[in-house]
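For reference, query.txt is printed below; it contains compact mmCIF, C-alpha atoms.
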# COMPACT_ATOMS: atom_id res chain seq x y z
CA MET A 210 10.80 -6.45 1.79
CA LEU A 211 12.14 -8.97 4.30
CA ILE A 212 9.43 -11.19 5.74
CA GLY A 213 10.00 -13.12 8.94
CA VAL A 214 8.48 -16.58 8.77
CA TYR A 215 7.68 -17.98 12.19
CA GLY A 216 5.87 -21.08 13.34
CA SER A 217 6.30 -24.62 14.55
CA GLY A 218 9.98 -25.46 14.42
CA SER A 219 9.86 -28.92 15.94
CA GLY A 220 7.58 -31.69 17.07
CA GLU A 221 5.03 -33.50 14.98
CA LEU A 222 4.04 -31.32 12.03
CA ASP A 223 0.68 -31.56 10.30
CA PRO A 224 1.12 -32.49 6.60
CA LYS A 225 -1.32 -29.69 5.68
CA ALA A 226 0.80 -27.15 7.56
CA ILE A 227 3.94 -28.42 5.80
CA ARG A 228 2.26 -28.04 2.40
CA LEU A 229 1.08 -24.52 3.28
CA ALA A 230 4.53 -23.54 4.58
CA LYS A 231 6.05 -24.57 1.25
CA GLU A 232 3.40 -22.61 -0.66
CA LEU A 233 4.08 -19.64 1.59
CA GLY A 234 7.80 -19.73 0.79
CA GLU A 235 7.09 -19.97 -2.93
CA GLU A 236 4.71 -16.99 -2.80
CA ILE A 237 7.20 -14.89 -0.83
CA ALA A 238 9.91 -15.61 -3.42
CA LYS A 239 7.56 -15.00 -6.38
CA ALA A 240 6.69 -11.60 -4.89
CA GLY A 241 10.39 -10.76 -4.80
CA TYR A 242 10.68 -10.72 -1.02
CA GLY A 243 13.36 -12.24 1.18
CA ILE A 244 12.85 -14.45 4.24
CA VAL A 245 14.12 -14.23 7.80
CA THR A 246 13.68 -17.21 10.17
CA GLY A 247 14.91 -18.29 13.58
CA SER A 248 17.13 -20.77 11.67
CA CYS A 249 15.26 -23.75 13.10
CA ALA A 250 13.82 -26.74 11.27
CA GLY A 251 10.08 -27.29 10.88
CA LEU A 252 7.64 -25.02 9.09
CA PRO A 253 9.88 -21.92 8.79
CA HIS A 254 12.62 -24.01 7.21
CA GLN A 255 10.14 -25.63 4.80
CA ALA A 256 9.10 -22.13 3.68
CA LEU A 257 12.73 -21.07 3.30
CA LEU A 258 13.67 -24.12 1.22
CA ALA A 259 10.65 -23.58 -1.03
CA ALA A 260 11.62 -19.92 -1.49
CA LYS A 261 15.16 -20.99 -2.40
CA SER A 262 13.83 -23.41 -5.02
CA CYS A 263 12.02 -20.44 -6.61
CA GLY A 264 15.14 -18.25 -6.59
CA GLY A 265 14.23 -16.30 -3.45
CA SER A 266 16.88 -14.23 -1.72
CA PRO A 267 18.02 -13.20 0.82
CA LEU A 268 17.27 -16.20 3.03
CA VAL A 269 18.48 -15.28 6.49
CA GLY A 270 18.54 -17.43 9.61
CA TYR A 271 19.04 -16.03 13.10
CA SER A 272 20.55 -18.70 15.31
CA PRO A 273 20.51 -18.99 19.11
CA ALA A 274 24.06 -20.33 18.78
CA ILE A 275 27.28 -18.35 18.76
CA ASN A 276 28.89 -20.31 15.92
CA ILE A 277 28.14 -22.91 13.22
CA GLU A 278 29.38 -25.83 15.32
CA GLU A 279 27.01 -25.00 18.16
CA HIS A 280 24.22 -24.27 15.68
CA GLN A 281 24.42 -27.78 14.23
CA GLY A 282 25.59 -29.58 17.37
CA GLU A 283 23.95 -28.27 20.54
CA PHE A 284 20.85 -26.94 18.77
CA GLY A 285 20.67 -29.49 15.96
CA TYR A 286 19.60 -26.80 13.50
CA PRO A 287 19.91 -27.02 9.71
CA VAL A 288 22.29 -25.00 7.53
CA GLU A 289 20.94 -25.85 4.09
CA GLY A 290 19.11 -23.19 2.13
CA PHE A 291 20.31 -20.10 3.98
CA THR A 292 22.17 -17.33 2.18
CA GLU A 293 23.18 -15.93 5.57
CA LEU A 294 23.30 -17.29 9.12
CA VAL A 295 23.55 -14.75 11.95
CA PHE A 296 24.84 -15.92 15.32
CA LEU A 297 24.46 -14.41 18.78
CA PRO A 298 27.42 -12.48 20.20
CA GLU A 299 29.89 -14.38 22.39
CA ILE A 300 28.44 -12.75 25.54
CA PHE A 301 25.46 -15.14 25.23
CA LYS A 302 27.63 -18.27 25.49
CA GLU A 303 26.93 -18.92 29.18
CA LYS A 304 23.24 -18.02 29.07
CA PRO A 305 20.59 -20.74 29.38
CA LYS A 306 19.28 -22.20 26.12
CA ALA A 307 15.77 -20.77 26.69
CA PHE A 308 17.20 -17.27 27.11
CA ARG A 309 19.26 -17.60 23.94
CA LEU A 310 16.20 -18.70 21.96
CA LYS A 311 14.34 -15.57 23.07
CA ALA A 312 17.33 -13.32 22.30
CA ARG A 313 17.44 -14.84 18.81
CA ASN A 314 13.72 -14.05 18.44
CA LEU A 315 14.31 -10.38 19.26
CA TYR A 316 17.16 -10.05 16.78
CA SER A 317 15.28 -11.80 13.98
CA VAL A 318 12.02 -9.87 14.40
CA GLU A 319 13.93 -6.59 14.50
CA ARG A 320 15.48 -7.38 11.09
CA THR A 321 12.09 -7.87 9.39
CA ASP A 322 9.80 -5.50 7.57
CA ALA A 323 6.84 -7.83 8.16
CA CYS A 324 6.20 -11.18 9.84
CA VAL A 325 4.11 -14.20 8.87
CA PHE A 326 3.03 -16.86 11.35
CA ILE A 327 2.01 -20.43 10.58
CA ALA A 328 0.83 -22.74 13.38
CA GLY A 329 3.32 -22.32 16.23
CA ARG A 330 3.54 -22.66 19.97
CA THR A 331 5.01 -20.49 22.73
CA GLY A 332 8.15 -19.55 20.78
CA SER A 333 5.95 -18.27 17.96
CA MET A 334 3.84 -16.39 20.50
CA ASN A 335 7.02 -14.69 21.70
CA GLU A 336 7.93 -13.68 18.15
CA PHE A 337 4.36 -12.49 17.59
CA THR A 338 4.34 -10.28 20.70
CA LEU A 339 7.69 -8.79 19.67
CA ALA A 340 6.35 -8.03 16.19
CA TYR A 341 3.05 -6.72 17.57
CA ASP A 342 4.72 -4.42 20.12
CA ALA A 343 7.06 -3.15 17.37
CA GLY A 344 4.06 -2.19 15.23
CA LYS A 345 5.00 -4.54 12.39
CA LEU A 346 2.84 -5.72 9.54
CA ILE A 347 1.76 -9.23 10.59
CA GLY A 348 0.31 -12.01 8.47
CA LEU A 349 -1.47 -14.98 10.00
CA LEU A 350 -1.75 -18.13 7.90
CA GLU A 351 -4.83 -19.54 9.58
CA GLY A 352 -6.35 -23.00 9.50
CA CYS A 353 -3.13 -24.77 10.51
CA GLY A 354 -3.79 -24.99 14.23
CA GLY A 355 -1.45 -23.73 16.88
CA PHE A 356 -0.99 -20.14 17.92
CA THR A 357 -2.01 -18.52 14.63
CA ASP A 358 -5.60 -19.67 15.03
CA MET A 359 -5.79 -17.83 18.39
CA ALA A 360 -3.68 -14.75 17.76
CA GLN A 361 -6.39 -12.28 16.78
CA GLU A 362 -8.59 -13.20 19.74
CA ILE A 363 -5.66 -12.76 22.12
CA VAL A 364 -4.97 -9.30 20.69
CA ARG A 365 -8.65 -8.34 21.03
CA LYS A 366 -8.79 -9.52 24.64
CA LEU A 367 -5.61 -7.71 25.65
CA GLY A 368 -6.80 -4.46 24.09
CA LYS A 369 -3.37 -2.89 23.54
CA GLU A 370 -2.98 -0.79 20.39
CA THR A 371 0.57 -0.69 19.00
CA GLY A 372 0.09 0.32 15.38
CA ALA A 373 0.63 -3.24 14.18
CA LYS A 374 -1.53 -4.26 11.25
CA ILE A 375 -2.74 -7.87 11.20
CA ILE A 376 -3.83 -9.58 8.00
CA SER A 377 -5.08 -13.14 7.90
CA SER A 378 -5.94 -15.74 5.30
CA ASN A 379 -6.12 -19.50 4.91
CA PHE A 380 -4.27 -19.21 1.59
CA PRO A 381 -0.57 -18.27 1.22
CA ARG A 382 -1.00 -16.50 -2.14
CA ASP A 383 -3.84 -14.37 -0.80
CA LEU A 384 -1.94 -13.55 2.39
CA ILE A 385 1.25 -12.42 0.62
CA ARG A 386 -0.76 -10.43 -1.94
CA LYS A 387 -2.66 -8.60 0.82
CA MET A 388 0.56 -7.92 2.72
CA GLY A 389 2.19 -6.51 -0.41
CA GLU A 390 -0.75 -4.16 -0.93
CA THR A 391 -0.47 -2.77 2.61
Structure re-expressed in structure tokens:
Amino acid sequence: MLIGVYGSGSGELDPKAIRLAKELGEEIAKAGYGIVTGSCAGLPHQALLAAKSCGGSPLVGYSPAINIEEHQGEFGYPVEGFTELVFLPEIFKEKPKAFRLKARNLYSVERTDACVFIAGRTGSMNEFTLAYDAGKLIGLLEGCGGFTDMAQEIVRKLGKETGAKIISSNFPRDLIRKMGET
């Protein structure tokens, strides 16, 4: 199973959220699953690096860039830890940065079998709505603040059924175990 890990990729990160992201990556690797991220820094990258330290693979990053130079330069994104980096097609070169970030989200969510969210802001909300509309298995690592602590209420208020299954927990091991049983 390939699990997308989405959440806060920049800004000030809560030390608790960083610790939980690392635990999440370890649990994903221990379960024998691979990770897909939006190739950014922050919490998803912490999870990916932790999975790598436990022998996890594949570790795939979807970049909003069209090549490695742009990935590291214009976007300032990391390259360490990934077993594969996927770039946008050349046709995206002239598109605004915000558009390219959203295109990357679509490609990365499509590649996953399930998605896990930890903290997060509007970019994570975009990835969540893509996963939700696609009927994916979704895990919410709650108690970290950000979007994940609001996601279930938003879904209830919108009242749209898509077939997505949402599982939540405050504990990475519990969350990955429950997702594996689904």
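Proximity to A:Leu346 was assessed for A:Ala360, A:Val318, A:Ile376, A:Leu294 counting only C-alpha atoms; the smallest distance is recorded for A:Ile376.
Interatomic distance, atom CA of A:Ser333 against atom CA of A:Gly264: 26.2 Å.
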Do you have, as a tab-separated table, the list of residues of stretch 238-320 of chain A lying at most 10 Å from stretch 384-390 of chain A, each with its nearest atom pair and that distance in Å to one decimal, counting all atoms listed in the file and ordered by chain then number?
residue	atom	partner	partner_atom	distance
A:Lys239	CA	A:Ile385	CA	9.8
A:Ala240	CA	A:Ile385	CA	7.8
A:Tyr242	CA	A:Gly389	CA	9.5
Polymer residues at most 8 Å from (16.8, -14.3, 3.6) by all atoms listed in the file, as number ranges by chain: A: 211, 243-246, 257, 265-270, 291-293
When you look at A:Leu350 with a cut-off of 8 Å (counting all atoms listed in the file), what residues show up, excluding the ones that are within fewer than 2 positions of it in the same chain? I need them as a ChimeraX atom specification. /A:325-328,348,352-353,357,377-381,384
What does the structure give for the distance between atom CA of A:Leu339 and atom CA of A:Pro253, in Å to one decimal? 17.2 Å
Stretch 302-321 of chain A: axis-aligned bounding box, 5 Å on each side, centre and edge lengths in Å, one decimal, as JSON:
{"center_x": 19.8, "center_y": -14.4, "center_z": 19.4, "size_x": 25.6, "size_y": 25.6, "size_z": 30.0}
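Closest approach to A:Gly234 among A:Leu252, A:Met210, A:Ala323, A:Leu310 is made by A:Leu252 (distances from only C-alpha atoms).
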Could you write stretch 332-352 of chain A as a PDB file, in the coordinates of the input, with N, CA and C atoms rebuilt where they are missing?
ATOM      1  N   GLY A 332       7.091 -20.311  21.437  1.00  0.00           N
ATOM      2  CA  GLY A 332       8.150 -19.550  20.780  1.00  0.00           C
ATOM      3  C   GLY A 332       7.588 -18.611  19.729  1.00  0.00           C
ATOM      4  N   SER A 333       6.611 -19.106  18.974  1.00  0.00           N
ATOM      5  CA  SER A 333       5.950 -18.270  17.960  1.00  0.00           C
ATOM      6  C   SER A 333       5.154 -17.151  18.619  1.00  0.00           C
ATOM      7  N   MET A 334       4.561 -17.442  19.770  1.00  0.00           N
ATOM      8  CA  MET A 334       3.840 -16.390  20.500  1.00  0.00           C
ATOM      9  C   MET A 334       4.806 -15.293  20.921  1.00  0.00           C
ATOM     10  N   ASN A 335       6.015 -15.679  21.331  1.00  0.00           N
ATOM     11  CA  ASN A 335       7.020 -14.690  21.700  1.00  0.00           C
ATOM     12  C   ASN A 335       7.380 -13.819  20.500  1.00  0.00           C
ATOM     13  N   GLU A 336       7.612 -14.446  19.362  1.00  0.00           N
ATOM     14  CA  GLU A 336       7.930 -13.680  18.150  1.00  0.00           C
ATOM     15  C   GLU A 336       6.765 -12.781  17.760  1.00  0.00           C
ATOM     16  N   PHE A 337       5.549 -13.288  17.903  1.00  0.00           N
ATOM     17  CA  PHE A 337       4.360 -12.490  17.590  1.00  0.00           C
ATOM     18  C   PHE A 337       4.283 -11.257  18.491  1.00  0.00           C
ATOM     19  N   THR A 338       4.458 -11.435  19.801  1.00  0.00           N
ATOM     20  CA  THR A 338       4.340 -10.280  20.700  1.00  0.00           C
ATOM     21  C   THR A 338       5.436  -9.259  20.422  1.00  0.00           C
ATOM     22  N   LEU A 339       6.628  -9.720  20.053  1.00  0.00           N
ATOM     23  CA  LEU A 339       7.690  -8.790  19.670  1.00  0.00           C
ATOM     24  C   LEU A 339       7.277  -7.993  18.430  1.00  0.00           C
ATOM     25  N   ALA A 340       6.776  -8.696  17.424  1.00  0.00           N
ATOM     26  CA  ALA A 340       6.350  -8.030  16.190  1.00  0.00           C
ATOM     27  C   ALA A 340       5.174  -7.095  16.451  1.00  0.00           C
ATOM     28  N   TYR A 341       4.235  -7.540  17.261  1.00  0.00           N
ATOM     29  CA  TYR A 341       3.050  -6.720  17.570  1.00  0.00           C
ATOM     30  C   TYR A 341       3.465  -5.455  18.320  1.00  0.00           C
ATOM     31  N   ASP A 342       4.286  -5.593  19.357  1.00  0.00           N
ATOM     32  CA  ASP A 342       4.720  -4.420  20.120  1.00  0.00           C
ATOM     33  C   ASP A 342       5.557  -3.464  19.274  1.00  0.00           C
ATOM     34  N   ALA A 343       6.252  -3.992  18.259  1.00  0.00           N
ATOM     35  CA  ALA A 343       7.060  -3.150  17.370  1.00  0.00           C
ATOM     36  C   ALA A 343       6.225  -2.492  16.278  1.00  0.00           C
ATOM     37  N   GLY A 344       4.929  -2.801  16.230  1.00  0.00           N
ATOM     38  CA  GLY A 344       4.060  -2.190  15.230  1.00  0.00           C
ATOM     39  C   GLY A 344       4.272  -2.712  13.823  1.00  0.00           C
ATOM     40  N   LYS A 345       4.709  -3.946  13.708  1.00  0.00           N
ATOM     41  CA  LYS A 345       5.000  -4.540  12.390  1.00  0.00           C
ATOM     42  C   LYS A 345       3.714  -4.913  11.645  1.00  0.00           C
ATOM     43  N   LEU A 346       3.858  -5.098  10.357  1.00  0.00           N
ATOM     44  CA  LEU A 346       2.840  -5.720   9.540  1.00  0.00           C
ATOM     45  C   LEU A 346       2.922  -7.217   9.811  1.00  0.00           C
ATOM     46  N   ILE A 347       1.787  -7.828  10.186  1.00  0.00           N
ATOM     47  CA  ILE A 347       1.760  -9.230  10.590  1.00  0.00           C
ATOM     48  C   ILE A 347       0.762  -9.988   9.736  1.00  0.00           C
ATOM     49  N   GLY A 348       1.192 -11.115   9.202  1.00  0.00           N
ATOM     50  CA  GLY A 348       0.310 -12.010   8.470  1.00  0.00           C
ATOM     51  C   GLY A 348       0.099 -13.290   9.249  1.00  0.00           C
ATOM     52  N   LEU A 349      -1.138 -13.728   9.331  1.00  0.00           N
ATOM     53  CA  LEU A 349      -1.470 -14.980  10.000  1.00  0.00           C
ATOM     54  C   LEU A 349      -1.993 -15.961   8.969  1.00  0.00           C
ATOM     55  N   LEU A 350      -1.280 -17.062   8.778  1.00  0.00           N
ATOM     56  CA  LEU A 350      -1.750 -18.130   7.900  1.00  0.00           C
ATOM     57  C   LEU A 350      -2.602 -19.046   8.766  1.00  0.00           C
ATOM     58  N   GLU A 351      -3.901 -18.850   8.695  1.00  0.00           N
ATOM     59  CA  GLU A 351      -4.830 -19.540   9.580  1.00  0.00           C
ATOM     60  C   GLU A 351      -5.243 -20.902   9.028  1.00  0.00           C
ATOM     61  N   GLY A 352      -5.867 -21.684   9.893  1.00  0.00           N
ATOM     62  CA  GLY A 352      -6.350 -23.000   9.500  1.00  0.00           C
ATOM     63  C   GLY A 352      -5.327 -24.101   9.663  1.00  0.00           C
TER      64      GLY A 352
END
